[in-house]
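Accompanying notes for the structure given below.
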Amino acid sequence: MNSMIKRIESFLLIFLFTAIVLYFSLKDNYEEIIDQIVHINKFYLVLAFVLIIAYWIFKAIVMRISTRKFKEDFTFFHALRLVVETNFFHAVTPFSSGGQPYEIYSLTKQKLKVTEATNVSIQNFIVYQIALVFLGTTAVICNAFLHIFPNNRFLGYLVAVGFIANLAVIVILFVISFTKKLNRILVDFVIKVLNKVRIVKDKEKTIAKFNQYLIDFNEGAKILVKDKKNFCFMILCNFIALLLFYLIPLVLLYGIGDMESMNAYECIIASAYIMMIGSFVPIPGGTGGLEYAFVTFYSTFITGPILNAIMLLWRFITYYFGMIVGAIFLNIKRKK
């Protein structure tokens with residue numbers, strides 16, 4: 001019952017913020033924006049959808065590699081279906097927090113042990129974060145030298161917070177992965193403090209629970225790093241997946257007929273900045289924050305109805321399309 005209420009609240013939030021975004025995007029140039037969307041070159045529009053599907057395919061390759069260590073008959077189709085279904089839970093939960101729990105649940109239905117499913121999810125998360133931070137770091141360095149974006153303090157703070165948050169996640173992942181003693185000391189200390197302020201009731205049970213999480217995490221990281229070839233290949237797949245994802249706005253711009261305002265590396269840098277900001281927007285799907293970041297960063301290259309048209313198309317392809325496809329796959333699974 002509680003999960004159903006939370007899901008309804010998430011959908012209401014998505015609907016509310018989507019309505020607000022649509023209002024502010026369309027209120028001034030409604031007819032021109034719709035005209036740009038309707039008359040976009042269909043080849044480039046299809047290509048944009050192909051890029052997001054290719055993004056899922058590369059993510060599925062990573063999922064298959066990490067899962068086959070525990071289940072040899074785990075097929076590519078199983079992996080692709082799981083990636084698409086997980087998209088739905090990423091889309092409807094704050095900070096995309098629902099994806100990993102569903103991933104673990106679904107893998108246990110494939111007859112993996114809970115510890116094995118947790119290890120798969122951990123490995124996928126680690127290699128994705130490494131690729132994300134690498135591209136984010138590259139974007140920050142490139143902009144520092146090329147000065148692509150004007151000096152905007154507010155956006156600068158948002159990018160800095162997003163970059164530091166994602167970098168901190170990587171550091172924490174590696175600390176948790178390779179320092180057992182430090183982990184236990186930190187867990188004991190934090191749980192004891194929370195117990196004193198009465199946030200945690202059963203201190204011993206909670207410590208034992210978190211220590212088991214850390215053991216699972218440690219084992220997953222060890223398995224991942226031990227197989228260096230697959231470790232590097234999984235990072236590469238995520239790197240390629242993100243590049244394809246980041247190039248979607250450029251393809252849409254070409255579809256509208258503008259081949260000169262922006263090039264590939266400018267598009268990748270802008271997209272990397274947007275994703276760094278969007279990663280800590282608490283609303284499901286980063287709704288509102290991502291649209292604002294998109295319009296602000298891409299306004300350096302394009303303006304007017306074209307900018308809003310591309311933003312709306314980009315948002316549908318990268319967010320709502322994945323949520324719809326994920327919901328369809330989940331509904332088919334439920335009926336079966």
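The way I read the labels, and the way they are meant: chains A, B, ... in the order of the structure tokens, residue 1 as the first residue of every chain, and ligand 1 as the first ligand shown, with later ones counted on from there.
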Between stretch 98-130 of chain A and stretch 230-248 of chain A, at 12 Å or less, what are the per-residue closest atom pairs and their distances in Å? Count only C-alpha atoms, order by chain and rising residue number, and return it as CSV.
residue,atom,partner,partner_atom,distance
A:Gln123,CA,A:Phe231,CA,8.9
A:Asn124,CA,A:Met234,CA,8.2
A:Phe125,CA,A:Asn238,CA,10.3
A:Ile126,CA,A:Ile235,CA,8.8
A:Val127,CA,A:Ile235,CA,5.0
A:Tyr128,CA,A:Asn238,CA,5.7
A:Gln129,CA,A:Ile235,CA,8.9
A:Ile130,CA,A:Ile235,CA,6.9
Produce a file of the selected residues containing C-alpha atoms, as a PDB file, in the first residue's frame.
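Wrote it out as result_15.pdb, contents follow:
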ATOM      1  CA  GLN A 123      29.362  -3.792 -10.667  1.00  0.00           C
ATOM      2  CA  ASN A 124      27.079  -2.081 -13.194  1.00  0.00           C
ATOM      3  CA  PHE A 125      26.800   0.983 -10.985  1.00  0.00           C
ATOM      4  CA  ILE A 126      30.585   1.255 -10.496  1.00  0.00           C
ATOM      5  CA  VAL A 127      31.480   1.068 -14.203  1.00  0.00           C
ATOM      6  CA  TYR A 128      28.688   3.500 -15.127  1.00  0.00           C
ATOM      7  CA  GLN A 129      29.833   6.043 -12.518  1.00  0.00           C
ATOM      8  CA  ILE A 130      33.437   5.789 -13.718  1.00  0.00           C
TER       9      ILE A 130
END
Using DSSP assignments from the backbone, pull out every residue in stretch 222-288 of chain A that falls under alpha helix (DSSP H) and give it to me as a short mmCIF file (atom, residue, chain, number, x, y, z; two decimals) with C-alpha atoms, in the first residue's frame.
data_model
loop_
_atom_site.label_atom_id
_atom_site.label_comp_id
_atom_site.auth_asym_id
_atom_site.auth_seq_id
_atom_site.Cartn_x
_atom_site.Cartn_y
_atom_site.Cartn_z
CA LYS A 222 36.67 -7.66 -6.07
CA ILE A 223 35.05 -9.81 -8.76
CA LEU A 224 34.84 -6.77 -11.04
CA VAL A 225 38.43 -5.56 -10.62
CA LYS A 226 39.90 -9.08 -10.73
CA LYS A 228 40.57 -6.47 -15.70
CA LYS A 229 39.72 -7.15 -19.35
CA ASN A 230 35.96 -7.19 -18.76
CA PHE A 231 36.26 -4.33 -16.26
CA CYS A 232 37.82 -2.06 -18.89
CA PHE A 233 35.41 -3.29 -21.58
CA MET A 234 32.39 -2.54 -19.39
CA ILE A 235 33.67 1.00 -18.75
CA LEU A 236 34.22 1.43 -22.51
CA CYS A 237 30.66 0.27 -23.27
CA ASN A 238 29.25 2.78 -20.78
CA PHE A 239 31.51 5.47 -22.24
CA ILE A 240 30.19 4.79 -25.76
CA ALA A 241 26.61 4.60 -24.46
CA LEU A 242 26.92 8.03 -22.83
CA LEU A 243 28.51 9.55 -25.96
CA LEU A 244 25.56 8.33 -28.04
CA PHE A 245 23.16 9.71 -25.43
CA TYR A 246 24.99 13.07 -25.39
CA ILE A 248 21.04 13.28 -29.44
CA PRO A 249 20.54 17.10 -29.26
CA LEU A 250 22.97 17.58 -32.18
CA VAL A 251 21.07 15.05 -34.31
CA LEU A 252 17.81 16.86 -33.54
CA LEU A 253 19.38 20.20 -34.44
CA TYR A 254 20.44 18.72 -37.79
CA GLY A 255 16.87 17.51 -38.23
CA ILE A 256 15.58 21.05 -37.91
CA ALA A 264 29.86 17.34 -31.82
CA TYR A 265 32.34 18.16 -29.03
CA GLU A 266 30.34 21.26 -27.97
CA CYS A 267 27.20 19.09 -27.81
CA ILE A 268 28.98 16.42 -25.73
CA ILE A 269 30.38 19.00 -23.29
CA ALA A 270 26.97 20.68 -22.87
CA SER A 271 25.24 17.31 -22.36
CA ALA A 272 27.87 16.22 -19.81
CA TYR A 273 27.25 19.42 -17.84
CA ILE A 274 23.49 18.86 -17.97
CA MET A 275 23.81 15.29 -16.68
CA MET A 276 26.05 16.43 -13.82
CA ILE A 277 23.36 18.87 -12.72
CA GLY A 278 20.51 16.41 -13.29
#
With only C-alpha atoms as the counted atoms, please give the residues lying no more than 7 Å from stretch 292-304 of chain A, apart from itself and same-chain residues fewer than 3 positions off, as JSON, numbers by chain.
{"A": [149, 261, 262, 270, 274, 288, 289, 307, 308, 311]}
Please produce a file of those selected residues containing N, CA, C and O atoms, as a PDB file, in the first residue's frame.
ATOM      1  N   PHE A 149      31.192  28.125 -22.536  1.00  0.00           N
ATOM      2  CA  PHE A 149      30.005  28.676 -21.887  1.00  0.00           C
ATOM      3  C   PHE A 149      30.341  29.966 -21.149  1.00  0.00           C
ATOM      4  O   PHE A 149      31.402  30.057 -20.514  1.00  0.00           O
ATOM      5  N   SER A 261      25.401  25.704 -36.204  1.00  0.00           N
ATOM      6  CA  SER A 261      25.431  26.400 -34.913  1.00  0.00           C
ATOM      7  C   SER A 261      26.221  25.665 -33.835  1.00  0.00           C
ATOM      8  O   SER A 261      26.710  26.283 -32.887  1.00  0.00           O
ATOM      9  N   MET A 262      26.352  24.350 -33.964  1.00  0.00           N
ATOM     10  CA  MET A 262      26.989  23.570 -32.908  1.00  0.00           C
ATOM     11  C   MET A 262      27.693  22.361 -33.524  1.00  0.00           C
ATOM     12  O   MET A 262      27.245  21.818 -34.529  1.00  0.00           O
ATOM     13  N   ALA A 270      28.219  20.137 -23.419  1.00  0.00           N
ATOM     14  CA  ALA A 270      26.967  20.680 -22.874  1.00  0.00           C
ATOM     15  C   ALA A 270      26.132  19.578 -22.223  1.00  0.00           C
ATOM     16  O   ALA A 270      25.600  19.745 -21.119  1.00  0.00           O
ATOM     17  N   ILE A 274      24.897  19.029 -18.306  1.00  0.00           N
ATOM     18  CA  ILE A 274      23.489  18.857 -17.969  1.00  0.00           C
ATOM     19  C   ILE A 274      23.284  17.624 -17.091  1.00  0.00           C
ATOM     20  O   ILE A 274      22.552  17.656 -16.101  1.00  0.00           O
ATOM     21  N   GLY A 288      12.244  19.365 -14.575  1.00  0.00           N
ATOM     22  CA  GLY A 288      12.374  20.785 -14.232  1.00  0.00           C
ATOM     23  C   GLY A 288      13.829  21.206 -14.251  1.00  0.00           C
ATOM     24  O   GLY A 288      14.202  22.139 -14.970  1.00  0.00           O
ATOM     25  N   GLY A 289      14.658  20.515 -13.489  1.00  0.00           N
ATOM     26  CA  GLY A 289      16.080  20.848 -13.418  1.00  0.00           C
ATOM     27  C   GLY A 289      16.807  20.575 -14.722  1.00  0.00           C
ATOM     28  O   GLY A 289      17.596  21.400 -15.197  1.00  0.00           O
ATOM     29  N   LEU A 307      15.354  26.225 -30.041  1.00  0.00           N
ATOM     30  CA  LEU A 307      15.892  25.736 -28.768  1.00  0.00           C
ATOM     31  C   LEU A 307      14.826  24.983 -27.980  1.00  0.00           C
ATOM     32  O   LEU A 307      15.058  23.869 -27.490  1.00  0.00           O
ATOM     33  N   ASN A 308      13.651  25.572 -27.841  1.00  0.00           N
ATOM     34  CA  ASN A 308      12.572  24.931 -27.078  1.00  0.00           C
ATOM     35  C   ASN A 308      12.066  23.665 -27.767  1.00  0.00           C
ATOM     36  O   ASN A 308      11.729  22.679 -27.098  1.00  0.00           O
ATOM     37  N   MET A 311      14.621  20.967 -27.122  1.00  0.00           N
ATOM     38  CA  MET A 311      14.561  20.553 -25.718  1.00  0.00           C
ATOM     39  C   MET A 311      13.397  19.598 -25.476  1.00  0.00           C
ATOM     40  O   MET A 311      13.542  18.564 -24.816  1.00  0.00           O
TER      41      MET A 311
END
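For stretch 107-111 of chain A, the non-local neighbours within 9 Å, defined as residues at least 6 positions apart in the same chain or in other chains and counting only C-alpha atoms, are Thr67, Lys71, Phe74, Leu82, Ala117, Thr118 and Val120 of chain A.
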Selection above as a file: C-alpha atoms, as a PDB file, in the first residue's frame:
ATOM      1  CA  THR A  67      25.422 -11.373 -14.953  1.00  0.00           C
ATOM      2  CA  LYS A  71      24.343 -17.361 -14.680  1.00  0.00           C
ATOM      3  CA  PHE A  74      21.572 -15.219 -19.161  1.00  0.00           C
ATOM      4  CA  LEU A  82      16.015  -5.745 -17.751  1.00  0.00           C
ATOM      5  CA  ALA A 117      22.164 -10.106  -7.882  1.00  0.00           C
ATOM      6  CA  THR A 118      23.499  -7.403  -5.558  1.00  0.00           C
ATOM      7  CA  VAL A 120      25.748  -7.549 -10.508  1.00  0.00           C
TER       8      VAL A 120
END
Atom CA of A:Thr93 to atom CA of A:Lys59: how many Å, to one decimal?
19.7 Å
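Each of A:Phe70, A:Val38, A:Val190, A:Val84 was compared to A:Ile53 using only C-alpha atoms, and A:Val84 turns out to be the nearest.
Omitting A:Leu214 and its sequence neighbours fewer than 3 positions away, and counting only C-alpha atoms, the residues within 9 Å are Ile176, Ser177, Lys180, Asn183, Arg184, Lys209, Phe210, Asn211, Phe217, Asn218 and Glu219 of chain A.
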Could you please take those selected residues and save N, CA and C atoms as a PDB file, in the first residue's frame?
ATOM      1  N   ILE A 176      34.675   1.903   0.095  1.00  0.00           N
ATOM      2  CA  ILE A 176      33.847   0.800   0.579  1.00  0.00           C
ATOM      3  C   ILE A 176      34.345  -0.536   0.028  1.00  0.00           C
ATOM      4  N   SER A 177      34.797  -0.501  -1.222  1.00  0.00           N
ATOM      5  CA  SER A 177      35.198  -1.731  -1.898  1.00  0.00           C
ATOM      6  C   SER A 177      36.462  -2.358  -1.330  1.00  0.00           C
ATOM      7  N   LYS A 180      37.870  -2.867   4.344  1.00  0.00           N
ATOM      8  CA  LYS A 180      36.893  -3.526   5.222  1.00  0.00           C
ATOM      9  C   LYS A 180      36.899  -2.974   6.643  1.00  0.00           C
ATOM     10  N   ASN A 183      35.463   0.494   6.916  1.00  0.00           N
ATOM     11  CA  ASN A 183      34.013   0.425   6.733  1.00  0.00           C
ATOM     12  C   ASN A 183      33.300   0.051   8.033  1.00  0.00           C
ATOM     13  N   ARG A 184      33.823  -0.963   8.713  1.00  0.00           N
ATOM     14  CA  ARG A 184      33.192  -1.422   9.960  1.00  0.00           C
ATOM     15  C   ARG A 184      33.264  -0.363  11.052  1.00  0.00           C
ATOM     16  N   LYS A 209      23.247  -5.714   9.690  1.00  0.00           N
ATOM     17  CA  LYS A 209      22.642  -5.571   8.359  1.00  0.00           C
ATOM     18  C   LYS A 209      23.556  -4.781   7.428  1.00  0.00           C
ATOM     19  N   PHE A 210      24.076  -3.647   7.908  1.00  0.00           N
ATOM     20  CA  PHE A 210      24.936  -2.803   7.074  1.00  0.00           C
ATOM     21  C   PHE A 210      26.292  -3.447   6.825  1.00  0.00           C
ATOM     22  N   ASN A 211      26.786  -4.180   7.796  1.00  0.00           N
ATOM     23  CA  ASN A 211      28.041  -4.909   7.590  1.00  0.00           C
ATOM     24  C   ASN A 211      27.892  -5.962   6.493  1.00  0.00           C
ATOM     25  N   PHE A 217      29.093  -5.706  -1.147  1.00  0.00           N
ATOM     26  CA  PHE A 217      29.673  -4.678  -2.009  1.00  0.00           C
ATOM     27  C   PHE A 217      31.144  -4.977  -2.260  1.00  0.00           C
ATOM     28  N   ASN A 218      31.841  -5.350  -1.204  1.00  0.00           N
ATOM     29  CA  ASN A 218      33.262  -5.657  -1.296  1.00  0.00           C
ATOM     30  C   ASN A 218      33.516  -6.823  -2.245  1.00  0.00           C
ATOM     31  N   GLU A 219      32.688  -7.862  -2.112  1.00  0.00           N
ATOM     32  CA  GLU A 219      32.843  -9.035  -2.977  1.00  0.00           C
ATOM     33  C   GLU A 219      32.571  -8.688  -4.430  1.00  0.00           C
TER      34      GLU A 219
END
What lies within 10 Å of A:Asp35 using only C-alpha atoms, ignoring chain neighbours under 5 positions off, as a count of residues only?
6
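The coordinates place atom CA of A:Gly99 at 27.2 Å from atom CA of A:Ile310.
Going from atom CA of A:Gln100 to atom CA of A:Ser121 covers 6.3 Å.
Using only C-alpha atoms, the nearest neighbour of A:Asn195 within the list A:Ile207, A:Ala221, A:Ala139, A:Val171 is A:Ile207.
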